[in-house]
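Coordinates from protein31.cif are shown below (mmCIF, C-alpha atoms).
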```
data_data
loop_
_atom_site.label_atom_id
_atom_site.label_comp_id
_atom_site.auth_asym_id
_atom_site.auth_seq_id
_atom_site.Cartn_x
_atom_site.Cartn_y
_atom_site.Cartn_z
CA MET A 1 116.55 95.76 110.06
CA SER A 2 119.63 96.31 107.89
CA SER A 3 118.31 94.45 104.85
CA LYS A 4 115.09 93.13 103.35
CA ILE A 5 114.55 90.47 100.71
CA ILE A 6 111.90 91.31 98.12
CA ALA A 7 110.81 89.77 94.84
CA GLY A 8 109.45 91.17 91.61
CA VAL A 9 106.99 88.72 90.05
CA GLU A 10 105.63 88.98 86.51
CA ILE A 11 103.03 86.33 85.63
CA GLY A 12 103.11 86.71 81.85
CA THR A 13 101.34 85.05 78.98
CA SER A 14 104.38 83.10 77.79
CA LYS A 15 106.52 82.89 80.94
CA VAL A 16 106.71 83.71 84.62
CA VAL A 17 109.76 85.70 85.71
CA VAL A 18 110.83 86.19 89.31
CA LEU A 19 113.74 88.36 90.43
CA ILE A 20 114.87 88.50 94.04
CA GLY A 21 116.56 91.60 95.38
CA GLU A 22 118.18 92.45 98.69
CA ILE A 23 117.54 96.01 99.86
CA VAL A 24 120.47 97.05 102.06
CA HIS A 25 119.88 99.81 104.62
CA GLY A 26 116.95 100.98 102.50
CA LYS A 27 119.34 102.54 100.01
CA THR A 28 120.87 99.98 97.66
CA LEU A 29 119.53 96.98 95.78
CA ASN A 30 121.45 93.80 95.03
CA ILE A 31 119.82 91.30 92.67
CA VAL A 32 120.56 87.93 94.22
CA GLY A 33 118.29 85.39 92.51
CA MET A 34 116.19 84.67 89.46
CA GLY A 35 113.63 82.08 88.42
CA THR A 36 111.80 81.63 85.13
CA THR A 37 109.36 79.03 83.87
CA PRO A 38 106.98 78.69 80.90
CA SER A 39 103.61 80.15 81.80
CA GLY A 40 100.39 78.20 82.02
CA GLY A 41 96.79 79.22 82.60
CA VAL A 42 97.37 82.80 81.43
CA LYS A 43 95.86 84.38 78.31
CA LYS A 44 96.36 87.97 77.19
CA GLY A 45 97.95 88.74 80.55
CA GLU A 46 94.97 87.49 82.58
CA ILE A 47 94.60 84.29 84.58
CA ILE A 48 92.15 81.79 83.10
CA ASP A 49 93.28 78.66 84.95
CA PHE A 50 94.17 79.38 88.57
CA ASN A 51 95.79 76.02 89.33
CA ALA A 52 97.98 76.02 86.22
CA ALA A 53 99.06 79.64 86.81
CA SER A 54 99.78 78.85 90.47
CA ASP A 55 101.93 75.83 89.65
CA CYS A 56 104.22 77.66 87.23
CA THR A 57 104.46 80.76 89.43
CA HIS A 58 105.35 78.75 92.52
CA THR A 59 107.95 76.85 90.49
CA ALA A 60 109.57 80.13 89.41
CA ILE A 61 109.57 81.48 92.98
CA MET A 62 111.17 78.30 94.31
CA GLU A 63 113.83 78.42 91.60
CA ALA A 64 114.57 82.05 92.43
CA GLU A 65 114.80 81.37 96.17
CA GLU A 66 117.08 78.39 95.60
CA SER A 67 119.39 80.41 93.36
CA ALA A 68 119.49 83.23 95.93
CA GLY A 69 119.79 81.01 99.00
CA VAL A 70 117.29 83.22 100.83
CA SER A 71 113.55 83.39 101.48
CA VAL A 72 111.43 86.22 100.10
CA GLU A 73 109.80 88.60 102.60
CA GLY A 74 107.51 90.52 100.25
CA VAL A 75 106.42 90.59 96.62
CA TYR A 76 105.89 93.38 94.10
CA LEU A 77 103.48 92.00 91.52
CA ALA A 78 103.00 93.20 87.93
CA GLN A 79 99.52 93.88 86.60
CA THR A 80 98.38 93.99 82.99
CA GLY A 81 95.37 92.97 80.93
CA ARG A 82 92.19 94.36 79.48
CA HIS A 83 90.59 94.73 82.91
CA LEU A 84 92.73 97.81 83.57
CA GLU A 85 90.95 101.13 83.01
CA THR A 86 91.96 104.72 83.56
CA PHE A 87 90.64 108.22 84.05
CA PHE A 88 92.03 111.71 84.59
CA SER A 89 90.98 113.76 87.61
CA ASP A 90 91.81 117.20 88.91
CA ALA A 91 90.76 119.49 91.72
CA GLU A 92 91.34 123.02 92.93
CA VAL A 93 90.99 124.89 96.21
CA THR A 94 91.40 128.48 97.27
CA VAL A 95 94.29 129.11 99.64
CA LYS A 96 92.71 130.00 103.01
CA SER A 97 95.54 131.92 104.65
CA SER A 98 94.99 135.66 104.87
CA LYS A 99 98.56 136.08 103.63
CA ASN A 100 97.94 133.60 100.77
CA ILE A 101 100.60 131.20 102.06
CA VAL A 102 99.92 127.55 101.23
CA HIS A 103 99.70 125.36 104.32
CA TYR A 104 99.56 121.58 104.64
CA SER A 105 95.84 121.84 105.43
CA ASP A 106 95.26 123.35 101.95
CA ILE A 107 97.16 120.48 100.33
CA ARG A 108 95.23 117.91 102.33
CA ARG A 109 91.88 119.43 101.30
CA LEU A 110 93.02 119.48 97.69
CA LEU A 111 94.12 115.83 97.59
CA ALA A 112 90.92 114.66 99.25
CA GLU A 113 88.88 116.50 96.63
CA ALA A 114 90.92 115.04 93.75
CA LYS A 115 90.34 111.48 94.99
CA ARG A 116 86.64 111.89 95.69
CA LYS A 117 85.37 109.92 92.70
CA GLN A 118 83.76 106.60 93.65
CA LEU A 119 84.26 103.46 91.59
CA PRO A 120 81.80 100.58 91.10
CA GLU A 121 81.97 97.91 93.82
CA ASP A 122 83.83 95.48 91.54
CA ARG A 123 86.63 97.97 90.77
CA ALA A 124 89.55 99.26 92.84
CA ILE A 125 92.24 101.88 92.34
CA ILE A 126 95.77 100.55 91.75
CA HIS A 127 97.56 103.87 91.24
CA HIS A 128 96.74 107.51 91.90
CA ILE A 129 99.56 109.09 89.88
CA GLN A 130 100.13 112.73 90.63
CA ASN A 131 100.80 114.97 87.64
CA GLY A 132 102.05 117.83 89.75
CA PHE A 133 100.72 120.82 91.67
CA TYR A 134 99.76 124.10 90.04
CA LEU A 135 99.79 127.32 92.02
CA ASP A 136 98.04 130.12 90.18
CA GLU A 137 98.38 127.94 87.05
CA GLU A 138 102.16 127.59 87.41
CA LEU A 139 103.61 124.08 87.83
CA VAL A 140 105.40 123.70 91.17
CA GLU A 141 107.09 120.69 92.75
CA SER A 142 105.93 121.36 96.30
CA PRO A 143 103.50 124.21 97.01
CA GLU A 144 103.76 124.23 100.81
CA HIS A 145 104.89 127.62 102.21
CA LEU A 146 104.66 129.24 98.77
CA GLU A 147 102.43 132.27 98.15
CA GLY A 148 99.42 132.04 95.86
CA HIS A 149 95.65 132.17 95.56
CA LYS A 150 94.49 129.06 93.68
CA LEU A 151 96.00 125.61 94.23
CA GLU A 152 95.37 122.77 91.77
CA VAL A 153 96.44 119.14 91.46
CA ARG A 154 96.07 116.66 88.60
CA TYR A 155 96.02 112.87 88.73
CA TRP A 156 96.17 109.97 86.31
CA ASN A 157 94.22 107.13 87.90
CA ILE A 158 94.49 103.44 87.06
CA HIS A 159 91.91 100.97 88.37
CA GLY A 160 91.25 97.31 87.81
CA SER A 161 88.84 94.46 88.30
CA ILE A 162 88.92 93.26 91.91
CA LYS A 163 88.38 89.71 90.72
CA ARG A 164 91.28 89.81 88.25
CA MET A 165 93.63 91.39 90.76
CA SER A 166 92.62 89.02 93.53
CA ASP A 167 93.39 86.02 91.32
CA SER A 168 97.04 87.00 91.01
CA ILE A 169 97.28 88.06 94.66
CA HIS A 170 95.92 84.69 95.83
CA ILE A 171 98.57 82.90 93.75
CA ILE A 172 101.29 84.70 95.74
CA ASN A 173 99.45 84.23 99.04
CA GLY A 174 99.17 80.53 98.24
CA PHE A 175 102.96 80.29 98.39
CA GLY A 176 102.94 81.82 101.88
CA LEU A 177 104.06 85.25 100.69
CA ARG A 178 102.53 88.69 101.05
CA VAL A 179 102.01 91.10 98.16
CA GLU A 180 103.53 94.43 99.14
CA ASP A 181 102.12 96.27 96.15
CA LEU A 182 100.64 95.89 92.69
CA ILE A 183 102.47 97.80 89.95
CA VAL A 184 101.05 98.27 86.46
CA SER A 185 103.51 96.74 83.99
CA SER A 186 103.97 99.83 81.84
CA LEU A 187 105.01 101.91 84.85
CA ALA A 188 107.58 99.31 85.88
CA SER A 189 109.18 98.92 82.46
CA GLY A 190 108.90 102.63 81.67
CA LYS A 191 111.10 103.60 84.59
CA MET A 192 113.76 101.10 83.54
CA VAL A 193 114.20 102.13 79.90
CA THR A 194 113.91 105.93 80.14
CA THR A 195 115.97 108.61 81.80
CA GLU A 196 114.69 111.48 83.90
CA GLU A 197 115.59 113.83 81.05
CA GLU A 198 113.61 111.78 78.53
CA ARG A 199 110.57 111.72 80.81
CA GLY A 200 110.87 115.47 81.18
CA ASN A 201 111.05 116.05 77.42
CA GLY A 202 108.18 113.67 76.67
CA VAL A 203 108.44 109.99 75.81
CA LEU A 204 106.06 107.18 74.96
CA VAL A 205 107.21 103.74 76.16
CA VAL A 206 105.68 100.75 74.37
CA ASP A 207 106.23 97.41 76.12
CA ILE A 208 105.42 94.56 73.72
CA GLY A 209 104.96 91.28 75.53
CA SER A 210 103.68 87.95 74.36
CA GLY A 211 99.98 88.45 75.04
CA THR A 212 99.66 92.18 75.68
CA THR A 213 101.21 95.51 74.79
CA ASP A 214 101.39 98.05 77.61
CA TYR A 215 102.23 101.69 77.03
CA VAL A 216 102.87 104.76 79.16
CA LEU A 217 103.26 108.39 78.17
CA TYR A 218 105.47 110.75 80.17
CA LYS A 219 105.32 114.53 79.92
CA ASN A 220 107.16 117.05 82.10
CA GLY A 221 108.45 114.10 84.09
CA HIS A 222 104.97 112.83 85.00
CA VAL A 223 102.87 109.88 83.88
CA VAL A 224 100.02 111.45 81.92
CA TYR A 225 98.61 108.43 80.11
CA THR A 226 98.68 104.63 80.17
CA GLY A 227 97.01 101.92 78.12
CA VAL A 228 96.90 98.19 77.42
CA LEU A 229 96.19 96.31 74.19
CA ALA A 230 95.42 92.59 74.17
CA VAL A 231 97.84 92.18 71.26
CA GLY A 232 101.44 91.02 71.46
CA GLY A 233 104.12 88.77 70.06
CA ASP A 234 101.95 85.65 70.14
CA HIS A 235 99.64 87.26 67.59
CA ILE A 236 102.53 87.41 65.15
CA THR A 237 103.32 83.77 65.87
CA ASN A 238 99.69 82.79 65.35
CA ASP A 239 99.52 84.55 61.98
CA LEU A 240 102.74 82.84 60.88
CA SER A 241 101.36 79.50 61.97
CA ILE A 242 98.20 80.00 59.91
CA GLY A 243 99.89 81.58 56.90
CA LEU A 244 102.62 78.94 56.65
CA ARG A 245 100.39 76.01 57.70
CA THR A 246 102.61 74.93 60.56
CA ASN A 247 102.35 74.63 64.32
CA SER A 248 102.94 77.50 66.73
CA ASN A 249 106.24 76.17 68.09
CA ILE A 250 107.81 76.09 64.62
CA ALA A 251 106.29 79.48 63.81
CA GLU A 252 107.80 80.98 66.98
CA LEU A 253 111.27 79.63 66.20
CA LEU A 254 111.00 80.87 62.62
CA LYS A 255 110.00 84.33 63.84
CA ILE A 256 112.98 84.52 66.18
CA LYS A 257 115.57 83.08 63.80
CA ASN A 258 114.56 84.44 60.39
CA GLY A 259 111.87 87.01 61.06
CA LYS A 260 112.20 90.72 60.32
CA ALA A 261 109.64 93.45 60.79
CA SER A 262 110.95 95.10 57.62
CA LEU A 263 112.76 93.34 54.78
CA PRO A 264 115.26 95.30 52.62
CA PRO A 265 114.83 95.03 48.82
CA LYS A 266 118.09 93.13 48.40
CA ALA A 267 116.72 90.29 50.52
CA GLN A 268 113.41 89.92 48.69
CA ASN A 269 114.50 86.73 46.93
CA ASP A 270 116.01 85.06 50.00
CA ARG A 271 114.71 81.67 51.01
CA VAL A 272 114.89 79.98 54.42
CA MET A 273 114.03 76.55 55.75
CA LEU A 274 110.79 76.29 57.67
CA VAL A 275 112.28 74.17 60.47
CA GLY A 276 115.97 74.03 59.63
CA ASP A 277 116.63 70.42 60.63
CA LEU A 278 116.23 68.97 57.09
CA ALA A 279 113.91 66.31 58.51
CA ILE A 280 110.82 65.00 56.76
CA GLY A 281 108.35 67.85 56.42
CA ASP A 282 110.97 70.58 56.42
CA ARG A 283 110.75 72.80 53.35
CA SER A 284 112.14 75.91 51.76
CA ILE A 285 109.99 79.04 51.98
CA ALA A 286 110.34 82.63 50.79
CA ARG A 287 111.70 84.86 53.52
CA SER A 288 109.69 87.73 52.07
CA GLY A 289 106.46 85.87 52.90
CA VAL A 290 107.53 85.47 56.52
CA CYS A 291 108.45 89.12 56.82
CA GLN A 292 105.27 90.35 55.14
CA ILE A 293 103.18 88.59 57.78
CA ILE A 294 105.32 90.00 60.58
CA ASN A 295 105.29 93.51 59.10
CA ALA A 296 101.51 93.55 58.74
CA ARG A 297 100.94 92.49 62.34
CA VAL A 298 103.54 94.86 63.82
CA ASP A 299 102.28 97.80 61.76
CA GLU A 300 98.73 97.05 62.88
CA LEU A 301 99.83 97.03 66.52
CA PHE A 302 101.49 100.43 66.34
CA ARG A 303 98.57 101.95 64.44
CA LEU A 304 96.18 100.66 67.10
CA ILE A 305 98.17 102.67 69.63
CA CYS A 306 98.11 105.70 67.33
CA SER A 307 94.34 105.38 67.03
CA ASP A 308 93.91 105.89 70.77
CA VAL A 309 92.03 109.20 70.67
CA ASP A 310 93.72 110.56 73.78
CA LEU A 311 97.17 109.91 72.34
CA ALA A 312 96.41 111.14 68.82
CA PRO A 313 97.49 114.79 69.41
CA ILE A 314 101.10 113.84 70.12
CA PHE A 315 101.48 112.19 66.73
CA SER A 316 100.39 115.30 64.82
CA SER A 317 103.79 116.94 65.25
CA ASN A 318 107.26 115.46 64.87
CA LYS A 319 108.48 118.02 67.39
CA TRP A 320 107.05 115.97 70.24
CA GLY A 321 109.42 113.66 72.15
CA THR A 322 110.38 110.12 71.24
CA VAL A 323 109.08 106.57 71.37
CA VAL A 324 110.95 103.79 73.22
CA LEU A 325 110.23 100.12 72.53
CA THR A 326 110.80 97.38 75.10
CA GLY A 327 109.46 93.94 76.01
CA GLY A 328 110.39 90.57 74.54
CA ALA A 329 108.73 91.15 71.16
CA SER A 330 110.71 94.38 70.65
CA LYS A 331 113.69 92.13 69.82
CA LEU A 332 112.24 91.56 66.34
CA LYS A 333 114.79 92.83 63.83
CA ASP A 334 114.02 96.26 62.32
CA ILE A 335 110.87 96.71 64.42
CA GLU A 336 111.88 100.30 65.13
CA LYS A 337 111.65 101.15 61.40
CA VAL A 338 108.01 100.05 61.31
CA ALA A 339 107.33 102.01 64.49
CA GLU A 340 108.84 105.21 63.08
CA ASN A 341 106.64 104.92 60.01
CA ALA A 342 103.52 104.45 62.13
CA PHE A 343 104.19 107.03 64.84
CA GLY A 344 105.95 109.65 62.75
CA LEU A 345 108.37 110.15 65.65
CA PRO A 346 111.95 109.10 66.43
CA VAL A 347 111.97 105.55 67.80
CA MET A 348 114.68 103.77 69.77
CA LEU A 349 115.01 100.36 71.34
CA GLY A 350 114.92 100.52 75.12
CA ALA A 351 117.90 99.48 77.19
CA ASN A 352 117.93 98.50 80.83
CA PRO A 353 120.39 100.34 83.13
CA SER A 354 124.09 99.58 82.72
CA TRP A 355 124.34 98.09 86.21
CA VAL A 356 122.07 95.18 85.21
CA ALA A 357 123.86 91.84 84.83
CA ALA A 358 124.25 90.46 81.30
CA GLU A 359 121.81 87.58 81.80
CA ILE A 360 118.92 89.96 82.57
CA GLU A 361 119.82 92.95 80.43
CA GLY A 362 117.36 92.05 77.64
CA PRO A 363 114.14 94.03 77.10
CA GLU A 364 112.06 91.07 78.26
CA TYR A 365 113.25 91.78 81.81
CA SER A 366 112.34 95.49 81.90
CA THR A 367 109.09 94.98 83.78
CA VAL A 368 110.38 92.69 86.51
CA LEU A 369 113.44 94.91 87.02
CA GLY A 370 111.09 97.85 87.36
CA LEU A 371 109.15 96.01 90.07
CA LEU A 372 112.32 95.79 92.16
CA HIS A 373 112.98 99.47 91.44
CA PHE A 374 109.64 100.37 93.00
CA GLY A 375 110.40 98.10 95.93
CA LEU A 376 113.62 99.99 96.57
CA SER A 377 112.33 103.51 96.12
CA TYR A 378 108.80 102.97 97.43
CA ASN A 379 108.78 105.97 99.74
CA ASN A 380 110.76 108.25 97.43
CA VAL A 381 109.24 107.81 93.97
CA LYS A 382 107.49 111.03 93.04
CA GLU A 383 104.34 109.51 91.58
CA PHE A 384 103.67 107.40 94.67
CA LYS A 385 104.88 109.62 97.47
CA GLU A 386 101.47 109.79 99.14
CA ARG A 387 101.30 106.01 99.58
CA LYS A 388 102.90 104.52 102.70
CA ARG A 389 103.84 101.05 103.82
CA GLY A 390 101.31 99.52 106.17
CA VAL A 391 98.41 101.30 104.49
CA ALA A 392 96.05 98.98 102.60
CA LEU A 393 97.07 98.75 98.97
CA MET A 394 93.52 98.90 97.75
CA GLU A 395 90.79 99.97 100.17
CA GLY A 396 88.21 97.77 98.44
CA VAL A 397 90.23 94.57 98.71
CA LYS A 398 92.14 94.71 102.00
CA GLN A 399 91.24 91.15 102.87
CA LEU A 400 92.91 89.81 99.71
CA PHE A 401 96.36 90.66 101.06
CA ARG A 402 96.01 88.55 104.18
CA ILE A 403 97.73 85.18 104.07
#
```
So, in terms of structure tokens, how does the structure I just supplied come out?
Amino acid sequence: MSSKIIAGVEIGTSKVVVLIGEIVHGKTLNIVGMGTTPSGGVKKGEIIDFNAASDCTHTAIMEAEESAGVSVEGVYLAQTGRHLETFFSDAEVTVKSSKNIVHYSDIRRLLAEAKRKQLPEDRAIIHHIQNGFYLDEELVESPEHLEGHKLEVRYWNIHGSIKRMSDSIHIINGFGLRVEDLIVSSLASGKMVTTEEERGNGVLVVDIGSGTTDYVLYKNGHVVYTGVLAVGGDHITNDLSIGLRTNSNIAELLKIKNGKASLPPKAQNDRVMLVGDLAIGDRSIARSGVCQIINARVDELFRLICSDVDLAPIFSSNKWGTVVLTGGASKLKDIEKVAENAFGLPVMLGANPSWVAAEIEGPEYSTVLGLLHFGLSYNNVKEFKERKRGVALMEGVKQLFRI
């Protein structure tokens, strides 16, 4: 087969986004179609109304297929939400060869030992992410045929609720499509907005969506930490709605048009119209009040990430890496200034690769673009090189992937 048509599907809290890509000769990816629709039945990244979520997702897939003029063969599906949990695992073995040369059998024993931990019956692994091999405590890319005595491997493991994952899988199956793989949202967006050099130096990617904020930490080129907060852009909108005594639609438009995460002193006396159409009920309000609400919520979000005990050590020194912001809510003006104050590290706004077309270059498309990236490089991406097509995605839920 010279080409394959795949789709990246992100069933988000505010919208569903579908991108269709054509993989040519297994080497290049052409984005050929897109579909978006307002989301329904999804709260904080998790499905609460299956029928509503199915309807909007199927609408987005149909729109994408119509725009592409092709039918999708397989789907890469984003995963987020509070049901995701993580743990770190490692293992070590003694090299058996009398000449202390590492053989494949040593590596196989090592990997089996590292993945030995059993999960509860209602949980399943999504990603075993390798953090590299260590031979006699020295990091090596591939230990086979090297000389040493003690071989170690380290993994960052992400697992989720079988029920939550099966809900989203069944939505795709209900359209007659097969889920090729589940990809945690932070991993997808992280690969899009960082370079290999940045991942090597150390970078924290914070993906701020509507209902959730996903983050991933890279060190020495490897994923060493991930997390999800059930806080996102809709929390800012909700606070504006309450504080300004208006509905959420008006609050959202006000946030986008006149909102700033940080207001300069010279703009403290500015006033803006609540709606802007001069109709009955429209009124003048202080821009400083709008920005104070936004600032408080954004600052709280970043400090929640900082309070993650496993991430805390990286914020104790400004010599450590950088922070990259992405996701739809990262478009808030001056959000990076609030982030720098909270993290105590250099902060930049993430940018998708230069080859991305103008209509999907915004940070809100980082995750779904990343899904296609994993579809293209499935067998070559370092973190996932042990996973192969045709092998069940999650041993505990094989039946969920059958149409």
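Residue nearest Thr322 in chain A within the list A:Glu144, A:Asp106, A:Asp167, A:Glu198: A:Glu198 [criterion: smallest interatomic distance, only C-alpha atoms].
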Shell of 9 Å around range 47-50 of chain A, all atoms listed in the file, local chain residues under 6 positions omitted, as a PyMOL selection string: chain A and resi 11+13+40-41+164+167-168+171
Non-local contacts of Ile305 in chain A (10 Å; all atoms listed in the file; under 5 positions in same chain excluded) as a list in words: Val206, Thr213, Asp214, Tyr215, Gly227, Val228, Leu229, Glu300, Asp310, Leu311, Ala312, Ala342 and Phe343 of chain A
Contacts of range 76-80 of chain A within 6 Å, all atoms listed in the file, excl. fewer than 5 positions in-chain, as JSON, numbers by chain: {"A": [8, 9, 10, 45, 180, 181, 182, 183, 184, 185, 371]}
Decode the PyMOL selection byres ((chain A and resi 347) around 12) for the given file into explicit residues and return them as a PDB file with C-alpha atoms, in the coordinates of the input.
```pdb
ATOM      1  CA  VAL A 203     108.440 109.990  75.810  1.00  0.00           C
ATOM      2  CA  LEU A 204     106.060 107.180  74.960  1.00  0.00           C
ATOM      3  CA  VAL A 205     107.210 103.740  76.160  1.00  0.00           C
ATOM      4  CA  VAL A 206     105.680 100.750  74.370  1.00  0.00           C
ATOM      5  CA  PHE A 302     101.490 100.430  66.340  1.00  0.00           C
ATOM      6  CA  ASN A 318     107.260 115.460  64.870  1.00  0.00           C
ATOM      7  CA  TRP A 320     107.050 115.970  70.240  1.00  0.00           C
ATOM      8  CA  GLY A 321     109.420 113.660  72.150  1.00  0.00           C
ATOM      9  CA  THR A 322     110.380 110.120  71.240  1.00  0.00           C
ATOM     10  CA  VAL A 323     109.080 106.570  71.370  1.00  0.00           C
ATOM     11  CA  VAL A 324     110.950 103.790  73.220  1.00  0.00           C
ATOM     12  CA  LEU A 325     110.230 100.120  72.530  1.00  0.00           C
ATOM     13  CA  THR A 326     110.800  97.380  75.100  1.00  0.00           C
ATOM     14  CA  SER A 330     110.710  94.380  70.650  1.00  0.00           C
ATOM     15  CA  ASP A 334     114.020  96.260  62.320  1.00  0.00           C
ATOM     16  CA  ILE A 335     110.870  96.710  64.420  1.00  0.00           C
ATOM     17  CA  GLU A 336     111.880 100.300  65.130  1.00  0.00           C
ATOM     18  CA  LYS A 337     111.650 101.150  61.400  1.00  0.00           C
ATOM     19  CA  VAL A 338     108.010 100.050  61.310  1.00  0.00           C
ATOM     20  CA  ALA A 339     107.330 102.010  64.490  1.00  0.00           C
ATOM     21  CA  GLU A 340     108.840 105.210  63.080  1.00  0.00           C
ATOM     22  CA  ASN A 341     106.640 104.920  60.010  1.00  0.00           C
ATOM     23  CA  ALA A 342     103.520 104.450  62.130  1.00  0.00           C
ATOM     24  CA  PHE A 343     104.190 107.030  64.840  1.00  0.00           C
ATOM     25  CA  GLY A 344     105.950 109.650  62.750  1.00  0.00           C
ATOM     26  CA  LEU A 345     108.370 110.150  65.650  1.00  0.00           C
ATOM     27  CA  PRO A 346     111.950 109.100  66.430  1.00  0.00           C
ATOM     28  CA  MET A 348     114.680 103.770  69.770  1.00  0.00           C
ATOM     29  CA  LEU A 349     115.010 100.360  71.340  1.00  0.00           C
ATOM     30  CA  GLY A 350     114.920 100.520  75.120  1.00  0.00           C
TER      31      GLY A 350
END
```
Since I can't run it myself right now, could you work out what the PyMOL selection byres ((chain A and resi 328) around 10) selects here and report it as a CSV table (one decimal) with C-alpha atoms, in the frame of the given file?
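Written output follows (result_1.csv):
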```
chain,number,residue,atom,x,y,z
A,207,ASP,CA,106.2,97.4,76.1
A,208,ILE,CA,105.4,94.6,73.7
A,209,GLY,CA,105.0,91.3,75.5
A,210,SER,CA,103.7,88.0,74.4
A,232,GLY,CA,101.4,91.0,71.5
A,233,GLY,CA,104.1,88.8,70.1
A,325,LEU,CA,110.2,100.1,72.5
A,326,THR,CA,110.8,97.4,75.1
A,327,GLY,CA,109.5,93.9,76.0
A,329,ALA,CA,108.7,91.2,71.2
A,330,SER,CA,110.7,94.4,70.6
A,331,LYS,CA,113.7,92.1,69.8
A,332,LEU,CA,112.2,91.6,66.3
A,362,GLY,CA,117.4,92.0,77.6
A,363,PRO,CA,114.1,94.0,77.1
A,364,GLU,CA,112.1,91.1,78.3
A,365,TYR,CA,113.2,91.8,81.8
A,366,SER,CA,112.3,95.5,81.9
```
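The space between CA of Ile285 in chain A and CA of Met273 in chain A spans 6.1 Å.
One finds CA of Ser284 in chain A at 11.1 Å from CA of Leu244 in chain A.
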Missing atoms in range 334-347 of chain A need filling: write out N, CA and C atoms for it as a PDB file, in the frame of the given file.
```pdb
ATOM      1  N   ASP A 334     114.541  95.108  63.077  1.00  0.00           N
ATOM      2  CA  ASP A 334     114.020  96.260  62.320  1.00  0.00           C
ATOM      3  C   ASP A 334     112.624  96.691  62.758  1.00  0.00           C
ATOM      4  N   ILE A 335     112.198  96.318  63.959  1.00  0.00           N
ATOM      5  CA  ILE A 335     110.870  96.710  64.420  1.00  0.00           C
ATOM      6  C   ILE A 335     110.776  98.220  64.595  1.00  0.00           C
ATOM      7  N   GLU A 336     111.914  98.857  64.925  1.00  0.00           N
ATOM      8  CA  GLU A 336     111.880 100.300  65.130  1.00  0.00           C
ATOM      9  C   GLU A 336     111.583 101.062  63.844  1.00  0.00           C
ATOM     10  N   LYS A 337     111.945 100.493  62.683  1.00  0.00           N
ATOM     11  CA  LYS A 337     111.650 101.150  61.400  1.00  0.00           C
ATOM     12  C   LYS A 337     110.148 101.187  61.154  1.00  0.00           C
ATOM     13  N   VAL A 338     109.468 100.102  61.466  1.00  0.00           N
ATOM     14  CA  VAL A 338     108.010 100.050  61.310  1.00  0.00           C
ATOM     15  C   VAL A 338     107.353 101.024  62.279  1.00  0.00           C
ATOM     16  N   ALA A 339     107.886 101.110  63.491  1.00  0.00           N
ATOM     17  CA  ALA A 339     107.330 102.010  64.490  1.00  0.00           C
ATOM     18  C   ALA A 339     107.478 103.473  64.072  1.00  0.00           C
ATOM     19  N   GLU A 340     108.628 103.842  63.520  1.00  0.00           N
ATOM     20  CA  GLU A 340     108.840 105.210  63.080  1.00  0.00           C
ATOM     21  C   GLU A 340     107.863 105.596  61.976  1.00  0.00           C
ATOM     22  N   ASN A 341     107.583 104.663  61.091  1.00  0.00           N
ATOM     23  CA  ASN A 341     106.640 104.920  60.010  1.00  0.00           C
ATOM     24  C   ASN A 341     105.233 105.123  60.545  1.00  0.00           C
ATOM     25  N   ALA A 342     104.866 104.349  61.567  1.00  0.00           N
ATOM     26  CA  ALA A 342     103.520 104.450  62.130  1.00  0.00           C
ATOM     27  C   ALA A 342     103.348 105.673  63.013  1.00  0.00           C
ATOM     28  N   PHE A 343     104.312 105.941  63.876  1.00  0.00           N
ATOM     29  CA  PHE A 343     104.190 107.030  64.840  1.00  0.00           C
ATOM     30  C   PHE A 343     104.580 108.383  64.270  1.00  0.00           C
ATOM     31  N   GLY A 344     105.457 108.387  63.274  1.00  0.00           N
ATOM     32  CA  GLY A 344     105.950 109.650  62.750  1.00  0.00           C
ATOM     33  C   GLY A 344     106.845 110.370  63.746  1.00  0.00           C
ATOM     34  N   LEU A 345     107.478 109.607  64.624  1.00  0.00           N
ATOM     35  CA  LEU A 345     108.370 110.150  65.650  1.00  0.00           C
ATOM     36  C   LEU A 345     109.651 109.331  65.705  1.00  0.00           C
ATOM     37  N   PRO A 346     110.726 109.894  66.251  1.00  0.00           N
ATOM     38  CA  PRO A 346     111.950 109.100  66.430  1.00  0.00           C
ATOM     39  C   PRO A 346     111.671 107.918  67.363  1.00  0.00           C
ATOM     40  N   VAL A 347     112.192 106.760  67.010  1.00  0.00           N
ATOM     41  CA  VAL A 347     111.970 105.550  67.800  1.00  0.00           C
ATOM     42  C   VAL A 347     113.320 104.922  68.136  1.00  0.00           C
TER      43      VAL A 347
END
```
